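Student: Enclosed is the structure file run_30.csv (CSV, C-alpha atoms).
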```
chain,number,residue,atom,x,y,z
A,132,MET,CA,29.4,28.3,60.5
A,133,ASN,CA,30.4,28.1,56.9
A,134,ARG,CA,31.4,24.4,57.3
A,135,SER,CA,28.0,23.7,58.9
A,136,PHE,CA,26.2,25.5,56.1
A,137,ALA,CA,28.3,23.6,53.5
A,138,ASN,CA,27.4,20.3,55.2
A,139,SER,CA,23.8,21.2,55.3
A,140,TYR,CA,23.8,22.3,51.6
A,141,GLY,CA,25.6,19.2,50.6
A,142,LYS,CA,23.0,17.0,52.3
A,143,GLN,CA,20.2,19.0,50.6
A,144,SER,CA,21.9,18.7,47.3
A,145,GLY,CA,22.4,15.0,47.7
A,146,SER,CA,18.7,14.6,48.7
A,147,SER,CA,17.6,16.6,45.7
A,148,ALA,CA,19.8,14.5,43.4
A,149,VAL,CA,18.2,11.3,44.9
A,150,ILE,CA,14.7,12.7,44.5
A,151,SER,CA,15.5,13.9,40.9
A,152,VAL,CA,16.8,10.4,40.0
A,153,GLY,CA,13.8,8.8,41.7
A,154,THR,CA,11.4,11.0,39.8
A,155,ARG,CA,13.1,10.3,36.5
A,156,LEU,CA,12.9,6.6,37.2
A,157,MET,CA,9.2,6.9,38.1
A,158,ILE,CA,8.5,8.8,34.8
A,159,ILE,CA,10.5,6.3,32.8
A,160,GLY,CA,8.6,3.5,34.5
A,161,GLY,CA,5.3,5.2,33.9
A,162,LEU,CA,6.0,5.7,30.2
A,163,ALA,CA,7.1,2.1,29.9
A,164,PHE,CA,3.9,1.0,31.6
A,165,ILE,CA,1.8,3.1,29.3
A,166,ALA,CA,3.7,1.8,26.2
A,167,SER,CA,3.2,-1.7,27.5
A,168,VAL,CA,-0.6,-1.2,28.0
A,169,SER,CA,-0.9,0.4,24.5
A,170,ALA,CA,1.0,-2.5,22.9
A,171,ILE,CA,-1.2,-5.0,24.6
A,172,ALA,CA,-4.3,-3.2,23.6
A,173,GLN,CA,-3.1,-2.9,20.0
A,174,ASN,CA,-2.2,-6.6,19.9
A,175,SER,CA,-5.6,-7.5,21.2
A,176,GLU,CA,-7.2,-5.3,18.5
A,177,LEU,CA,-4.9,-6.9,15.9
A,178,GLN,CA,-6.1,-10.3,17.0
A,179,ARG,CA,-9.7,-9.4,16.8
A,180,SER,CA,-9.3,-7.8,13.3
A,181,ASP,CA,-7.2,-10.7,12.1
A,182,ALA,CA,-9.9,-13.2,13.2
A,183,ALA,CA,-12.7,-11.1,11.7
A,184,VAL,CA,-10.9,-10.9,8.3
A,185,LYS,CA,-10.1,-14.6,8.2
A,186,GLN,CA,-13.8,-15.5,9.0
A,187,THR,CA,-15.1,-13.0,6.4
A,188,VAL,CA,-12.7,-14.3,3.7
A,189,GLY,CA,-13.5,-17.9,4.4
A,190,GLU,CA,-17.3,-17.4,4.3
A,191,ASN,CA,-17.0,-15.3,1.2
A,192,GLN,CA,-15.0,-17.9,-0.7
A,193,GLN,CA,-17.7,-20.4,0.0
A,194,ARG,CA,-20.4,-18.1,-1.5
A,195,LEU,CA,-18.2,-17.4,-4.6
A,196,ARG,CA,-18.3,-21.1,-5.4
A,197,GLN,CA,-21.9,-20.7,-6.5
A,198,TYR,CA,-20.9,-18.3,-9.3
A,199,GLN,CA,-19.3,-18.3,-12.7
A,200,TRP,CA,-17.9,-15.1,-14.3
A,201,ILE,CA,-15.8,-13.7,-17.1
A,202,GLU,CA,-12.2,-12.7,-16.6
A,203,THR,CA,-10.8,-10.1,-19.0
A,204,THR,CA,-7.0,-9.7,-19.1
A,205,GLN,CA,-5.4,-6.7,-20.8
A,206,PRO,CA,-1.6,-6.6,-20.9
A,207,THR,CA,0.3,-3.4,-21.8
A,208,LEU,CA,4.0,-3.8,-22.7
A,209,LYS,CA,6.2,-0.7,-22.9
A,210,GLY,CA,3.1,1.4,-23.2
A,211,ASP,CA,1.8,-0.7,-26.1
A,212,PRO,CA,-1.5,-2.4,-25.5
A,213,LYS,CA,-1.5,-6.1,-26.4
A,214,PRO,CA,-4.5,-8.2,-27.4
A,215,GLU,CA,-6.8,-8.9,-24.5
A,216,SER,CA,-7.9,-12.4,-23.6
A,217,GLN,CA,-11.1,-13.6,-21.9
A,218,LYS,CA,-11.9,-16.7,-19.9
A,219,LEU,CA,-15.0,-18.2,-18.4
A,220,CYS,CA,-14.2,-18.9,-14.7
A,221,GLN,CA,-15.8,-21.1,-12.0
A,222,TYR,CA,-14.7,-23.2,-9.1
A,223,GLY,CA,-14.1,-26.9,-9.7
A,224,PRO,CA,-14.7,-29.7,-7.3
A,225,ASP,CA,-11.2,-29.4,-5.9
A,226,GLY,CA,-11.9,-25.8,-4.8
A,227,LEU,CA,-9.6,-24.3,-7.5
A,228,VAL,CA,-10.8,-21.8,-10.2
A,229,GLN,CA,-11.1,-23.5,-13.6
A,230,LYS,CA,-10.7,-21.1,-16.6
A,231,THR,CA,-11.9,-21.8,-20.1
A,232,PRO,CA,-10.8,-19.5,-22.9
A,233,ILE,CA,-13.6,-17.8,-24.8
A,234,GLY,CA,-13.8,-15.4,-27.8
A,235,ALA,CA,-11.9,-15.4,-31.0
A,236,PRO,CA,-8.3,-16.8,-31.0
A,237,PRO,CA,-5.5,-14.2,-31.6
A,238,PRO,CA,-4.7,-13.6,-35.3
A,239,ALA,CA,-1.9,-15.6,-36.9
A,240,SER,CA,1.5,-13.9,-37.4
A,241,SER,CA,2.1,-12.4,-40.8
A,242,GLY,CA,5.3,-12.0,-42.8
A,243,GLY,CA,8.1,-14.5,-43.8
A,244,ARG,CA,9.0,-17.6,-41.8
A,245,LEU,CA,11.8,-15.9,-39.9
A,246,LYS,CA,9.6,-13.0,-38.8
A,247,GLN,CA,6.8,-15.4,-37.9
A,248,ARG,CA,9.3,-17.5,-35.8
A,249,ILE,CA,10.6,-14.4,-34.0
A,250,VAL,CA,7.0,-13.2,-33.3
A,251,GLU,CA,6.0,-16.7,-32.1
A,252,ASN,CA,9.0,-16.9,-29.8
A,253,LYS,CA,8.1,-13.5,-28.3
A,254,LYS,CA,4.5,-14.6,-27.8
A,255,GLU,CA,5.7,-17.8,-26.0
A,256,GLU,CA,8.0,-15.8,-23.8
A,257,MET,CA,5.2,-13.4,-22.9
A,258,ALA,CA,2.8,-16.4,-22.3
A,259,ASP,CA,5.4,-17.9,-20.0
A,260,TYR,CA,5.8,-14.6,-18.1
A,261,MET,CA,2.0,-14.2,-17.9
A,262,GLY,CA,1.8,-17.6,-16.4
A,263,ASP,CA,4.3,-16.6,-13.7
A,264,VAL,CA,2.3,-13.4,-13.2
A,265,LYS,CA,-0.9,-15.5,-12.6
A,266,GLY,CA,1.0,-17.7,-10.2
A,267,LEU,CA,2.2,-14.6,-8.3
A,268,LEU,CA,-1.4,-13.2,-8.1
A,269,SER,CA,-2.7,-16.5,-6.7
A,270,MET,CA,-0.3,-16.1,-3.7
A,271,TYR,CA,-2.1,-13.0,-2.6
A,272,VAL,CA,-5.6,-13.2,-4.0
A,273,PRO,CA,-7.6,-14.4,-2.2
A,274,PRO,CA,-5.7,-13.8,1.1
A,275,ASP,CA,-4.5,-17.0,2.7
A,276,PRO,CA,-5.6,-17.4,6.4
A,277,GLN,CA,-2.7,-19.7,7.1
A,278,LYS,CA,-0.1,-17.1,5.8
A,279,MET,CA,-1.9,-14.4,7.8
A,280,ASP,CA,-1.7,-16.6,10.9
A,281,MET,CA,2.0,-17.2,10.3
A,282,ALA,CA,2.8,-13.5,9.9
A,283,PHE,CA,0.8,-12.8,13.1
A,284,ARG,CA,2.6,-15.4,15.1
A,285,VAL,CA,6.1,-14.2,14.2
A,286,GLY,CA,5.3,-10.6,14.8
A,287,LYS,CA,5.1,-9.5,11.2
A,288,ALA,CA,1.6,-8.2,11.2
A,289,ALA,CA,0.6,-4.6,12.2
A,290,LEU,CA,-2.6,-2.6,12.6
A,291,ASN,CA,-3.3,0.8,11.1
A,292,PRO,CA,-6.9,1.9,11.6
A,293,VAL,CA,-8.2,4.9,9.6
A,294,GLY,CA,-11.7,5.9,10.5
A,295,GLY,CA,-14.0,2.9,9.9
A,296,VAL,CA,-11.4,1.0,7.9
A,297,VAL,CA,-8.7,-1.2,9.5
A,298,ASN,CA,-5.6,-1.7,7.5
A,299,LEU,CA,-3.8,-4.9,8.3
A,300,VAL,CA,-0.2,-4.8,7.1
A,301,PHE,CA,1.7,-8.2,6.7
A,302,ARG,CA,5.4,-8.4,6.0
A,303,ASP,CA,7.2,-11.4,4.6
A,304,TYR,CA,3.7,-12.7,3.8
A,305,ALA,CA,4.3,-14.9,0.7
A,306,VAL,CA,8.0,-14.3,0.0
A,307,PRO,CA,10.8,-12.7,2.0
A,308,GLY,CA,10.7,-8.9,1.8
A,309,ASP,CA,7.2,-8.5,0.4
A,310,GLN,CA,4.4,-6.5,2.0
A,311,MET,CA,0.6,-6.9,1.8
A,312,THR,CA,-1.9,-4.4,3.1
A,313,LEU,CA,-5.4,-5.5,3.4
A,314,SER,CA,-8.1,-2.8,4.0
A,315,PHE,CA,-11.1,-4.1,6.0
A,316,ASP,CA,-14.4,-2.2,6.4
A,317,THR,CA,-15.3,-3.0,10.0
A,318,ALA,CA,-19.0,-1.9,9.7
A,319,ALA,CA,-19.7,-3.8,6.4
A,320,LYS,CA,-17.4,-6.6,7.4
A,321,LYS,CA,-15.8,-6.7,4.0
A,322,VAL,CA,-12.4,-6.5,2.5
A,323,ILE,CA,-12.5,-3.4,0.3
A,324,ALA,CA,-9.0,-3.3,-1.2
A,325,LEU,CA,-5.6,-5.0,-1.2
A,326,SER,CA,-2.2,-3.7,-2.1
A,327,VAL,CA,1.0,-5.7,-2.5
A,328,ASN,CA,4.7,-4.9,-2.9
A,329,THR,CA,6.6,-8.0,-4.1
A,330,TYR,CA,8.8,-9.3,-6.9
A,331,MET,CA,9.1,-11.9,-9.6
A,332,GLY,CA,11.8,-14.4,-8.8
A,333,ASP,CA,14.5,-11.8,-8.3
A,334,ALA,CA,14.1,-9.0,-5.8
A,335,LYS,CA,15.3,-6.5,-8.5
A,336,ASP,CA,12.2,-7.5,-10.5
A,337,ALA,CA,9.8,-5.4,-8.4
A,338,VAL,CA,6.1,-5.9,-8.8
A,339,THR,CA,3.2,-4.0,-7.3
A,340,LEU,CA,-0.4,-5.2,-7.2
A,341,GLN,CA,-3.5,-3.1,-6.6
A,342,VAL,CA,-6.7,-5.0,-6.0
A,343,GLN,CA,-10.1,-3.4,-6.0
A,344,MET,CA,-13.1,-5.3,-4.5
A,345,GLY,CA,-16.7,-5.2,-5.5
A,346,SER,CA,-20.0,-6.6,-4.1
A,347,LEU,CA,-22.7,-8.7,-5.8
A,348,PRO,CA,-26.4,-8.1,-5.1
A,349,ASP,CA,-26.5,-10.8,-2.4
A,350,GLY,CA,-23.5,-9.2,-0.6
A,351,THR,CA,-20.9,-11.6,-1.8
A,352,ASN,CA,-17.5,-9.8,-2.1
A,353,TYR,CA,-15.4,-10.4,-5.2
A,354,VAL,CA,-12.2,-9.2,-6.9
A,355,GLN,CA,-13.4,-6.6,-9.3
A,356,GLN,CA,-10.1,-5.5,-10.8
A,357,THR,CA,-6.4,-6.1,-10.3
A,358,ILE,CA,-3.6,-4.0,-11.7
A,359,LEU,CA,-0.2,-5.6,-11.7
A,360,ASN,CA,2.8,-3.5,-12.6
A,361,ALA,CA,6.1,-5.3,-13.3
A,362,SER,CA,8.4,-2.3,-13.8
A,363,ALA,CA,11.5,-4.2,-14.8
A,364,LYS,CA,9.6,-5.7,-17.8
A,365,GLN,CA,7.7,-2.4,-18.4
A,366,LEU,CA,4.6,-4.6,-18.2
A,367,VAL,CA,1.2,-3.6,-16.8
A,368,VAL,CA,-1.5,-6.3,-16.6
A,369,THR,CA,-5.1,-5.2,-15.9
A,370,THR,CA,-7.5,-8.0,-15.0
A,371,THR,CA,-11.2,-7.3,-14.7
A,372,ASN,CA,-13.9,-9.8,-13.4
A,373,ALA,CA,-17.5,-9.2,-14.4
A,374,ASN,CA,-20.8,-10.8,-15.5
A,375,TYR,CA,-21.2,-12.9,-12.4
A,376,GLN,CA,-24.0,-15.5,-12.7
A,377,ARG,CA,-25.0,-18.4,-10.4
A,378,VAL,CA,-23.9,-21.7,-11.8
A,379,GLY,CA,-26.9,-23.7,-13.1
A,380,GLY,CA,-29.2,-20.7,-12.3
A,381,ARG,CA,-29.2,-21.5,-8.6
```
Give the structure from this file in structure tokens form.
Tutor:
Amino acid sequence: MNRSFANSYGKQSGSSAVISVGTRLMIIGGLAFIASVSAIAQNSELQRSDAAVKQTVGENQQRLRQYQWIETTQPTLKGDPKPESQKLCQYGPDGLVQKTPIGAPPPASSGGRLKQRIVENKKEEMADYMGDVKGLLSMYVPPDPQKMDMAFRVGKAALNPVGGVVNLVFRDYAVPGDQMTLSFDTAAKKVIALSVNTYMGDAKDAVTLQVQMGSLPDGTNYVQQTILNASAKQLVVTTTNANYQRVGGR
């Protein structure tokens, strides 16, 4: 009797174990399926958002070519504001922005020859670094559809929707280890902000870039202000674009 009961109990226990394992496998399979569907849906949404942003950026760049504007650059070094500079900007036939300095030239250095030489060397060093800063800015502003495509193809683009705004996050966008986040208003179909974590030459020379966008009366989107912070140099560069006018009054 006891042996029969034990055999019966053993069979029941074995069956329960098999059912339990089968149930777990079904649950795991179900979760994997849900995750797969979710990933496919997000990837599809990412593709749509990526395509919408690229189309918007491309069309907007064409409209901007009708305008000229004034760019004001204000550097601050170690908390000390340096003289600002202004340039008249407009697109040239090659599609690149041409910049013409305007306003009074900076005052000449005072003091003896040695002091003047030291001051001039520092100015040249700062001018060289500012040139590098401008080069870095041009890698991210405006966003490059080809770089966005590359990040998407190699799986280094992600989607982070917040309300009516879609945040597209690109890793290794322009240089290895950087990250660019582009905020896109899906209703207005406009890029409203851009943030970048990157570096100047050496990864230790960290640089952050915050870009705020604005809109002209005809709906054209433009870079209203950029704030670049190069912490290693204790340098903050604020660039503001204003006074947009159609070229030739068109």
Student: Which protein, DNA or RNA residues are at most 10 Å from (-18.1, -18.2, -11.1) in the file's coordinates when you count only C-alpha atoms, listed as a list of chain:residue names?
Tutor: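 Counting only C-alpha atoms, I find these residues within 10 Å of (-18.1, -18.2, -11.1): A:Arg194, A:Leu195, A:Arg196, A:Gln197, A:Tyr198, A:Gln199, A:Trp200, A:Ile201, A:Glu202, A:Leu219, A:Cys220, A:Gln221, A:Tyr222, A:Gly223, A:Val228, A:Gln229, A:Lys230, A:Asn372, A:Ala373, A:Asn374, A:Tyr375, A:Gln376, A:Arg377, A:Val378.
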Student: Between A:Pro307, A:Pro348, A:Gly210, A:Pro224, which has the minimum distance to Asn360 in chain A (counting all atoms listed in the file)?
Tutor: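 Between A:Pro307, A:Pro348, A:Gly210, A:Pro224, the residue approaching Asn360 in chain A most closely is A:Gly210.
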Student: Write out as a PDB file with C-alpha atoms, in the frame of the given file the residues lying within 8 Å of range 291-304 of chain A, counting all atoms listed in the file and excluding same-chain residues fewer than 4 positions away.
Tutor:
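Dumped to selection37.pdb:
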```pdb
ATOM      1  CA  LEU A 177      -4.900  -6.900  15.900  1.00  0.00           C
ATOM      2  CA  SER A 180      -9.300  -7.800  13.300  1.00  0.00           C
ATOM      3  CA  ASP A 181      -7.200 -10.700  12.100  1.00  0.00           C
ATOM      4  CA  LYS A 278      -0.100 -17.100   5.800  1.00  0.00           C
ATOM      5  CA  MET A 279      -1.900 -14.400   7.800  1.00  0.00           C
ATOM      6  CA  ALA A 282       2.800 -13.500   9.900  1.00  0.00           C
ATOM      7  CA  PHE A 283       0.800 -12.800  13.100  1.00  0.00           C
ATOM      8  CA  LYS A 287       5.100  -9.500  11.200  1.00  0.00           C
ATOM      9  CA  GLY A 308      10.700  -8.900   1.800  1.00  0.00           C
ATOM     10  CA  ASP A 309       7.200  -8.500   0.400  1.00  0.00           C
ATOM     11  CA  GLN A 310       4.400  -6.500   2.000  1.00  0.00           C
ATOM     12  CA  MET A 311       0.600  -6.900   1.800  1.00  0.00           C
ATOM     13  CA  THR A 312      -1.900  -4.400   3.100  1.00  0.00           C
ATOM     14  CA  LEU A 313      -5.400  -5.500   3.400  1.00  0.00           C
ATOM     15  CA  SER A 314      -8.100  -2.800   4.000  1.00  0.00           C
ATOM     16  CA  PHE A 315     -11.100  -4.100   6.000  1.00  0.00           C
ATOM     17  CA  ASP A 316     -14.400  -2.200   6.400  1.00  0.00           C
ATOM     18  CA  THR A 317     -15.300  -3.000  10.000  1.00  0.00           C
ATOM     19  CA  ALA A 318     -19.000  -1.900   9.700  1.00  0.00           C
TER      20      ALA A 318
END
```
Student: For CA of Gly234 in chain A and CA of Lys218 in chain A, determine how far apart the two atoms are, in Å to one decimal place.
Tutor: 8.2 Å
Student: List the neighbours of Tyr271 in chain A out to 10 Å using all atoms listed in the file; skip same-chain residues closer than 4 positions along the sequence, and give me the result as a ChimeraX atom specification.
Tutor: /A:266-267,275,278,304-305,311,325-327,340,342
Student: Would you please work out which residue, of A:Val306, A:Val354, A:Leu347, A:Leu245, is nearest to Val322 in chain A when using only C-alpha atoms?
Tutor: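 The shortest atom-to-atom distance to Val322 in chain A comes from A:Val354.
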Student: Pick out the residues sitting within 6 Å of Pro206 in chain A, and hand them over as a PyMOL selection string; count all atoms listed in the file, and ignore anything fewer than 4 positions along from it in its own chain.
Tutor: chain A and resi 213+367-368
Student: Using the selection just defined, write its residues with C-alpha atoms as a compact mmCIF listing (two decimals), in the coordinates of the input.
Tutor:
```txt
# COMPACT_ATOMS: atom_id res chain seq x y z
CA LYS A 213 -1.50 -6.10 -26.40
CA VAL A 367 1.20 -3.60 -16.80
CA VAL A 368 -1.50 -6.30 -16.60
```
